[in-house]
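What follows is a short report on a single structure.
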Amino acid sequence: MPSAPWWRSAVVYQIYPLSFADGSGDGVGDLRGVRARLDHLAWLGVDAVWLSPIFRSPMADFGYDVADYCDVDPLFGSLADLDAIVADAHARGIRVLLDWVPNHTSDRHPWFVESRASRSSPRRGWYVWRDPAPDGGPPNNWTAAFGGPSPAWTLDRATGQYYLHTFLPAQPDLDWRNPDVVAAMHATLRFWLDRGIDGFRVDVVHGLGKDPALPDDPPELVPIPHAALNDHESTHAILRALRRVVDAYPGERVLVGEVYLLVGKTHASYYGRGDELHLVFELPAAVLTPWDAAEWRARIAHVAATLEPIGAWPTWVLSNHDTPRHRTRFGSEARARAAAVLLLALRGTPFLYAGEELGLEDAVVPLARAVDPGGRDGCRAPIPWTPAPGHGWPAEPWLPFAPEPARRNVETLRADPSSILHLYRRLLAARRASPALRAGDQTLRPAPDGVVAWERTAGTDRRTVLVNFTDRAVACAAAGTVEVASDGEGEGRPYAGTLAPDQAVVLR
Ligand code: GLC
């Protein structure tokens, strides 16, 4: 039997480059900053990093509006800086994924500039242009993401047609029915694959294929942005073609897609028959399931029931750059610690979001400093590296720090073996050492109210995981030695049969 691909047993760490580390002293994170901090990631024990977009961009959506897919934005550095990160990361056994944004470009991308220049532009058909409705309004009732319901169409007065943007007006949607778009976008993937990039997180994959008739959304769903409803059949052929591009390269390059649907099919279809995405995020459920045993048990069962029959490998994620951090949502560090055990002991590939290993909360961003049109500044606060004022940032960062940076920073938590940072490190080490945790089978076990229990097995290797979602002690029978405990209590000793409030344990 061929051995499982690396990404099945990997832990992936998401870096939001604007907020990770500042190597140039302008208050904005950059690639030199990332490169200088790779040792933190090697020490923590992650297997791969995913960099949120670093391409040339006017930053209307902080990089998710791309003006050149084959270059690094000067704010972040240069192509040579990225090559250096790839080389240094690979030397540490860490793979590098980029964040590829195929649903839309920036309105400043030369393709769109040409497309909007005239109705007869050779690139007109690269984007979705339509005549106004008979009343002069937008061609259909689709609404855009961000900033309350507003049309997903903007009229270009010069040419008298509307263009589609399922996100900001500065993010026109590409038309993936156009073979020239497909070829040009495939070429951008090859550009990075040739440079040694190990794979891509693919933004808004469920948006790519649109119903060619552009039918109205059902009126009752119009308050929901169309981006969270678009789930068209034609996307799957687009994904199969992307998969062929990536699979033509050696080294098990990976595609992990963002599927963010509020209504409609589940994410399972985006794995295809093993010929579409390698991995899929099922958002928003992945990041919004509340801290509740019954809800998590149902979610774990749902993921197994939808993915196991098709042989698809799950992903697990608690936080990212679009959503309040789970430390903030769940309400305490004790719960964030128990959540780390949950995330890292479930069957599937876990994705960490930079800063969760510090137990960061969202920053409180005063209105005067708010910058994101989508209201997501709080989870994008800069990473505090040191206790001293400035916290390792040579200039005032672009967003305020999360609470308690003098205590909750990398240097201080690294010096404290009881910290959440060390808990993450112990969990990653435990995974690395255990085939059952990395890639084993999983069975949910009966457990008292408020507790979720499961077993992981691979051959003779076996672990039991217990997570207490309540703030009281709960008796819960299980046998084994405590390998990792979310509060560090009892590690290396036999499990005594009771979980402390908010405690999670891995037993061997
Ligand atoms: C995805 C990204 C988000 C971005 C949006 C538009 O949801 O995660 O940050 O704003 O796509 O590209």
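Residue names in the structure tokens use chain letters A, B, ... in the order shown, residue numbers from 1 in each chain, and ligand numbers from 1 in the order shown.
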From a DSSP pass on the backbone, collect the residues of region 326-490 of chain A flagged as helix (DSSP H, G or I) and hand them back as a PyMOL selection string.
chain A and resi 326-330+333-345+356-358+367-369+377-380+410-414+420-433+435-439
Could you give me, as a ChimeraX atom specification, the residues within 9 Å of Trp385 (chain A), counting only C-alpha atoms and dropping anything in the same chain fewer than 2 positions from it?
/A:21,383,387-388,390-393,405,408-412
Grab the residues selected above and save them as a PDB file, in the first residue's frame with C-alpha atoms.
```pdb
ATOM      1  CA  ALA A  21       6.172  40.018  12.000  1.00  0.00           C
ATOM      2  CA  ILE A 383       1.368  38.825  16.929  1.00  0.00           C
ATOM      3  CA  PRO A 387       6.986  41.522  26.639  1.00  0.00           C
ATOM      4  CA  ALA A 388       8.712  44.901  26.126  1.00  0.00           C
ATOM      5  CA  GLY A 390       6.364  47.359  20.964  1.00  0.00           C
ATOM      6  CA  HIS A 391       6.270  43.581  21.511  1.00  0.00           C
ATOM      7  CA  GLY A 392       8.850  42.898  18.824  1.00  0.00           C
ATOM      8  CA  TRP A 393       7.294  45.330  16.340  1.00  0.00           C
ATOM      9  CA  PRO A 405       0.456  41.548  25.140  1.00  0.00           C
ATOM     10  CA  ARG A 408       0.589  36.915  26.241  1.00  0.00           C
ATOM     11  CA  ASN A 409       3.558  36.990  23.867  1.00  0.00           C
ATOM     12  CA  VAL A 410       5.862  34.368  22.423  1.00  0.00           C
ATOM     13  CA  GLU A 411       8.900  35.098  24.610  1.00  0.00           C
ATOM     14  CA  THR A 412       7.022  35.131  27.926  1.00  0.00           C
TER      15      THR A 412
END
```
Using only C-alpha atoms and all ligand atoms, find each residue with an atom at most 8 Å away from ligand 1 and format the answer as an NGL selection string.
:A and (61-62 or 64-65 or 101 or 103-104 or 167 or 171 or 203-204 or 258 or 260 or 320-322 or 374)
Residues flagged strand (DSSP E or B) by DSSP in region 197-376 of chain A, as a list in words:
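Of region 197-376 of chain A, only Gly199, Phe200, Arg201, Val202, Val254, Leu255, Val256, Gly257, Glu258, Val259, Tyr260, Leu279, Val280, Phe281, Glu282, Leu283, Thr315, Trp316, Val317, Thr349, Pro350, Phe351, Leu352 and Tyr353 of chain A fall in strand (DSSP E or B).
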Next, dump the selected residues to file, keeping only N, CA and C atoms, as a PDB file, in the first residue's frame.
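Produced file selection-v5.pdb, reproduced below:
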```pdb
ATOM      1  N   GLY A 199       1.691  23.870  -2.398  1.00  0.00           N
ATOM      2  CA  GLY A 199       0.247  23.773  -2.591  1.00  0.00           C
ATOM      3  C   GLY A 199      -0.415  25.105  -2.348  1.00  0.00           C
ATOM      4  N   PHE A 200      -1.739  25.068  -2.381  1.00  0.00           N
ATOM      5  CA  PHE A 200      -2.513  26.299  -2.311  1.00  0.00           C
ATOM      6  C   PHE A 200      -3.747  26.120  -1.439  1.00  0.00           C
ATOM      7  N   ARG A 201      -4.043  27.169  -0.687  1.00  0.00           N
ATOM      8  CA  ARG A 201      -5.373  27.325  -0.122  1.00  0.00           C
ATOM      9  C   ARG A 201      -6.133  28.107  -1.199  1.00  0.00           C
ATOM     10  N   VAL A 202      -7.256  27.595  -1.629  1.00  0.00           N
ATOM     11  CA  VAL A 202      -7.978  28.185  -2.746  1.00  0.00           C
ATOM     12  C   VAL A 202      -9.188  28.940  -2.204  1.00  0.00           C
ATOM     13  N   VAL A 254      -0.649  20.142  -2.821  1.00  0.00           N
ATOM     14  CA  VAL A 254      -1.999  19.993  -2.266  1.00  0.00           C
ATOM     15  C   VAL A 254      -2.874  21.208  -2.575  1.00  0.00           C
ATOM     16  N   LEU A 255      -4.177  20.933  -2.767  1.00  0.00           N
ATOM     17  CA  LEU A 255      -5.170  21.994  -2.917  1.00  0.00           C
ATOM     18  C   LEU A 255      -6.149  21.883  -1.759  1.00  0.00           C
ATOM     19  N   VAL A 256      -6.237  22.928  -0.960  1.00  0.00           N
ATOM     20  CA  VAL A 256      -7.250  22.955   0.101  1.00  0.00           C
ATOM     21  C   VAL A 256      -8.176  24.122  -0.178  1.00  0.00           C
ATOM     22  N   GLY A 257      -9.464  23.816  -0.299  1.00  0.00           N
ATOM     23  CA  GLY A 257     -10.401  24.831  -0.762  1.00  0.00           C
ATOM     24  C   GLY A 257     -11.267  25.374   0.347  1.00  0.00           C
ATOM     25  N   GLU A 258     -11.527  26.669   0.240  1.00  0.00           N
ATOM     26  CA  GLU A 258     -12.470  27.309   1.154  1.00  0.00           C
ATOM     27  C   GLU A 258     -13.874  27.177   0.589  1.00  0.00           C
ATOM     28  N   VAL A 259     -14.727  26.399   1.259  1.00  0.00           N
ATOM     29  CA  VAL A 259     -16.132  26.302   0.865  1.00  0.00           C
ATOM     30  C   VAL A 259     -16.955  26.952   1.972  1.00  0.00           C
ATOM     31  N   TYR A 260     -17.557  28.067   1.641  1.00  0.00           N
ATOM     32  CA  TYR A 260     -18.304  28.851   2.632  1.00  0.00           C
ATOM     33  C   TYR A 260     -19.730  28.983   2.123  1.00  0.00           C
ATOM     34  N   LEU A 279      -8.311  18.615   0.031  1.00  0.00           N
ATOM     35  CA  LEU A 279      -8.858  18.937   1.345  1.00  0.00           C
ATOM     36  C   LEU A 279      -9.840  20.098   1.192  1.00  0.00           C
ATOM     37  N   VAL A 280     -10.823  20.130   2.077  1.00  0.00           N
ATOM     38  CA  VAL A 280     -11.860  21.165   1.996  1.00  0.00           C
ATOM     39  C   VAL A 280     -12.144  21.695   3.401  1.00  0.00           C
ATOM     40  N   PHE A 281     -12.229  23.013   3.522  1.00  0.00           N
ATOM     41  CA  PHE A 281     -12.759  23.608   4.751  1.00  0.00           C
ATOM     42  C   PHE A 281     -14.272  23.682   4.613  1.00  0.00           C
ATOM     43  N   GLU A 282     -14.986  23.158   5.594  1.00  0.00           N
ATOM     44  CA  GLU A 282     -16.438  23.324   5.585  1.00  0.00           C
ATOM     45  C   GLU A 282     -16.791  24.491   6.494  1.00  0.00           C
ATOM     46  N   LEU A 283     -16.756  25.666   5.906  1.00  0.00           N
ATOM     47  CA  LEU A 283     -17.099  26.865   6.652  1.00  0.00           C
ATOM     48  C   LEU A 283     -18.568  27.168   6.358  1.00  0.00           C
ATOM     49  N   THR A 315     -10.806  18.201   7.383  1.00  0.00           N
ATOM     50  CA  THR A 315      -9.963  19.250   7.963  1.00  0.00           C
ATOM     51  C   THR A 315     -10.649  19.727   9.237  1.00  0.00           C
ATOM     52  N   TRP A 316      -9.845  20.261  10.155  1.00  0.00           N
ATOM     53  CA  TRP A 316     -10.415  20.863  11.369  1.00  0.00           C
ATOM     54  C   TRP A 316      -9.782  22.233  11.577  1.00  0.00           C
ATOM     55  N   VAL A 317     -10.605  23.202  11.896  1.00  0.00           N
ATOM     56  CA  VAL A 317     -10.117  24.564  12.072  1.00  0.00           C
ATOM     57  C   VAL A 317     -11.044  25.270  13.058  1.00  0.00           C
ATOM     58  N   THR A 349      -6.916  16.792   9.068  1.00  0.00           N
ATOM     59  CA  THR A 349      -5.780  17.705   9.056  1.00  0.00           C
ATOM     60  C   THR A 349      -6.163  18.992   9.785  1.00  0.00           C
ATOM     61  N   PRO A 350      -5.479  19.304  10.898  1.00  0.00           N
ATOM     62  CA  PRO A 350      -5.792  20.531  11.623  1.00  0.00           C
ATOM     63  C   PRO A 350      -5.086  21.744  11.044  1.00  0.00           C
ATOM     64  N   PHE A 351      -5.781  22.860  11.046  1.00  0.00           N
ATOM     65  CA  PHE A 351      -5.228  24.135  10.619  1.00  0.00           C
ATOM     66  C   PHE A 351      -5.230  25.076  11.820  1.00  0.00           C
ATOM     67  N   LEU A 352      -4.046  25.546  12.189  1.00  0.00           N
ATOM     68  CA  LEU A 352      -3.925  26.513  13.289  1.00  0.00           C
ATOM     69  C   LEU A 352      -3.874  27.911  12.694  1.00  0.00           C
ATOM     70  N   TYR A 353      -4.393  28.870  13.399  1.00  0.00           N
ATOM     71  CA  TYR A 353      -4.313  30.262  12.958  1.00  0.00           C
ATOM     72  C   TYR A 353      -3.327  30.985  13.881  1.00  0.00           C
TER      73      TYR A 353
END
```
Tell me which protein, DNA and RNA residues are within 12 Å of Pro494 (chain A), counting only C-alpha atoms, leaving out same-chain ones fewer than 5 positions away, and put them as JSON, numbers by chain.
{"A": [478, 479, 480, 481, 482, 483, 484, 485, 489, 505, 506, 507, 508]}
Output N, CA, C and O atoms for every residue in the selection just made, as a PDB file, in the first residue's frame.
```
ATOM      1  N   ALA A 478     -12.671   5.819  31.842  1.00  0.00           N
ATOM      2  CA  ALA A 478     -11.774   5.507  30.720  1.00  0.00           C
ATOM      3  C   ALA A 478     -10.463   5.039  31.345  1.00  0.00           C
ATOM      4  O   ALA A 478     -10.169   5.366  32.494  1.00  0.00           O
ATOM      5  N   ALA A 479      -9.694   4.271  30.566  1.00  0.00           N
ATOM      6  CA  ALA A 479      -8.451   3.734  31.114  1.00  0.00           C
ATOM      7  C   ALA A 479      -7.260   4.252  30.325  1.00  0.00           C
ATOM      8  O   ALA A 479      -7.358   4.494  29.131  1.00  0.00           O
ATOM      9  N   GLY A 480      -6.157   4.446  31.011  1.00  0.00           N
ATOM     10  CA  GLY A 480      -4.934   4.830  30.317  1.00  0.00           C
ATOM     11  C   GLY A 480      -4.123   5.821  31.128  1.00  0.00           C
ATOM     12  O   GLY A 480      -4.533   6.276  32.197  1.00  0.00           O
ATOM     13  N   THR A 481      -2.970   6.141  30.593  1.00  0.00           N
ATOM     14  CA  THR A 481      -2.090   7.122  31.211  1.00  0.00           C
ATOM     15  C   THR A 481      -2.345   8.464  30.547  1.00  0.00           C
ATOM     16  O   THR A 481      -2.527   8.539  29.331  1.00  0.00           O
ATOM     17  N   VAL A 482      -2.368   9.535  31.343  1.00  0.00           N
ATOM     18  CA  VAL A 482      -2.584  10.860  30.769  1.00  0.00           C
ATOM     19  C   VAL A 482      -1.323  11.260  30.004  1.00  0.00           C
ATOM     20  O   VAL A 482      -0.262  11.448  30.596  1.00  0.00           O
ATOM     21  N   GLU A 483      -1.455  11.353  28.683  1.00  0.00           N
ATOM     22  CA  GLU A 483      -0.303  11.750  27.870  1.00  0.00           C
ATOM     23  C   GLU A 483      -0.242  13.274  27.782  1.00  0.00           C
ATOM     24  O   GLU A 483       0.820  13.871  27.954  1.00  0.00           O
ATOM     25  N   VAL A 484      -1.386  13.895  27.481  1.00  0.00           N
ATOM     26  CA  VAL A 484      -1.461  15.352  27.460  1.00  0.00           C
ATOM     27  C   VAL A 484      -2.750  15.754  28.158  1.00  0.00           C
ATOM     28  O   VAL A 484      -3.802  15.142  27.930  1.00  0.00           O
ATOM     29  N   ALA A 485      -2.683  16.777  29.003  1.00  0.00           N
ATOM     30  CA  ALA A 485      -3.879  17.341  29.627  1.00  0.00           C
ATOM     31  C   ALA A 485      -3.906  18.827  29.311  1.00  0.00           C
ATOM     32  O   ALA A 485      -2.868  19.491  29.331  1.00  0.00           O
ATOM     33  N   GLU A 489      -2.411  19.026  34.150  1.00  0.00           N
ATOM     34  CA  GLU A 489      -2.541  18.248  35.394  1.00  0.00           C
ATOM     35  C   GLU A 489      -2.494  16.742  35.122  1.00  0.00           C
ATOM     36  O   GLU A 489      -3.205  16.253  34.249  1.00  0.00           O
ATOM     37  N   VAL A 505      -8.263  15.668  27.834  1.00  0.00           N
ATOM     38  CA  VAL A 505      -7.073  14.830  27.999  1.00  0.00           C
ATOM     39  C   VAL A 505      -6.923  13.865  26.829  1.00  0.00           C
ATOM     40  O   VAL A 505      -7.900  13.458  26.200  1.00  0.00           O
ATOM     41  N   VAL A 506      -5.676  13.536  26.562  1.00  0.00           N
ATOM     42  CA  VAL A 506      -5.350  12.438  25.645  1.00  0.00           C
ATOM     43  C   VAL A 506      -4.765  11.329  26.514  1.00  0.00           C
ATOM     44  O   VAL A 506      -3.796  11.556  27.251  1.00  0.00           O
ATOM     45  N   LEU A 507      -5.381  10.132  26.449  1.00  0.00           N
ATOM     46  CA  LEU A 507      -4.899   8.990  27.237  1.00  0.00           C
ATOM     47  C   LEU A 507      -4.236   7.985  26.310  1.00  0.00           C
ATOM     48  O   LEU A 507      -4.731   7.740  25.205  1.00  0.00           O
ATOM     49  N   ARG A 508      -3.164   7.391  26.792  1.00  0.00           N
ATOM     50  CA  ARG A 508      -2.556   6.321  25.989  1.00  0.00           C
ATOM     51  C   ARG A 508      -2.570   5.006  26.754  1.00  0.00           C
ATOM     52  O   ARG A 508      -2.634   4.998  27.966  1.00  0.00           O
TER      53      ARG A 508
END
```
With 12 Å as the cut-off and only C-alpha atoms counted, what is the closest atom pair between each nearby residue of region 22-78 of chain A and region 414-418 of chain A? Distances in Å to one decimal, ordered by chain and number, as CSV.
```
residue,atom,partner,partner_atom,distance
A:His40,CA,A:Arg414,CA,9.7
A:Trp43,CA,A:Arg414,CA,10.0
A:Leu44,CA,A:Arg414,CA,10.0
```
May I have the selected residues written with all heavy atoms, as an mmCIF file, in the first residue's frame?
```cif
data_model
loop_
_atom_site.group_PDB
_atom_site.id
_atom_site.type_symbol
_atom_site.label_atom_id
_atom_site.label_comp_id
_atom_site.auth_asym_id
_atom_site.auth_seq_id
_atom_site.Cartn_x
_atom_site.Cartn_y
_atom_site.Cartn_z
ATOM 1 N N HIS A 40 10.460 29.822 15.350
ATOM 2 C CA HIS A 40 9.317 29.660 16.269
ATOM 3 C C HIS A 40 8.435 28.515 15.783
ATOM 4 O O HIS A 40 7.977 27.681 16.578
ATOM 5 C CB HIS A 40 8.514 30.971 16.329
ATOM 6 C CG HIS A 40 7.180 30.846 17.028
ATOM 7 N ND1 HIS A 40 7.067 30.524 18.365
ATOM 8 C CD2 HIS A 40 5.907 30.981 16.566
ATOM 9 C CE1 HIS A 40 5.775 30.481 18.697
ATOM 10 N NE2 HIS A 40 5.058 30.752 17.626
ATOM 11 N N TRP A 43 10.158 25.156 16.231
ATOM 12 C CA TRP A 43 10.128 24.791 17.654
ATOM 13 C C TRP A 43 8.749 24.273 18.045
ATOM 14 O O TRP A 43 8.594 23.288 18.759
ATOM 15 C CB TRP A 43 10.503 26.030 18.490
ATOM 16 C CG TRP A 43 10.382 25.822 19.969
ATOM 17 C CD1 TRP A 43 11.314 25.261 20.793
ATOM 18 C CD2 TRP A 43 9.258 26.170 20.798
ATOM 19 N NE1 TRP A 43 10.832 25.236 22.095
ATOM 20 C CE2 TRP A 43 9.580 25.786 22.116
ATOM 21 C CE3 TRP A 43 8.021 26.766 20.544
ATOM 22 C CZ2 TRP A 43 8.710 25.990 23.193
ATOM 23 C CZ3 TRP A 43 7.146 26.960 21.603
ATOM 24 C CH2 TRP A 43 7.502 26.574 22.906
ATOM 25 N N LEU A 44 7.700 24.952 17.521
ATOM 26 C CA LEU A 44 6.330 24.535 17.822
ATOM 27 C C LEU A 44 6.057 23.149 17.235
ATOM 28 O O LEU A 44 5.369 22.335 17.844
ATOM 29 C CB LEU A 44 5.374 25.582 17.221
ATOM 30 C CG LEU A 44 3.903 25.529 17.566
ATOM 31 C CD1 LEU A 44 3.703 25.637 19.069
ATOM 32 C CD2 LEU A 44 3.159 26.659 16.843
#
```
Excluding region 444-447 of chain A and its own-chain neighbours fewer than 3 positions away, which residues fall within 12 Å of it when counting only C-alpha atoms? Please give them as a ChimeraX atom specification.
/A:293-294,296-302,304-305,346-347,441,450-457,464-469,474-478,498-499
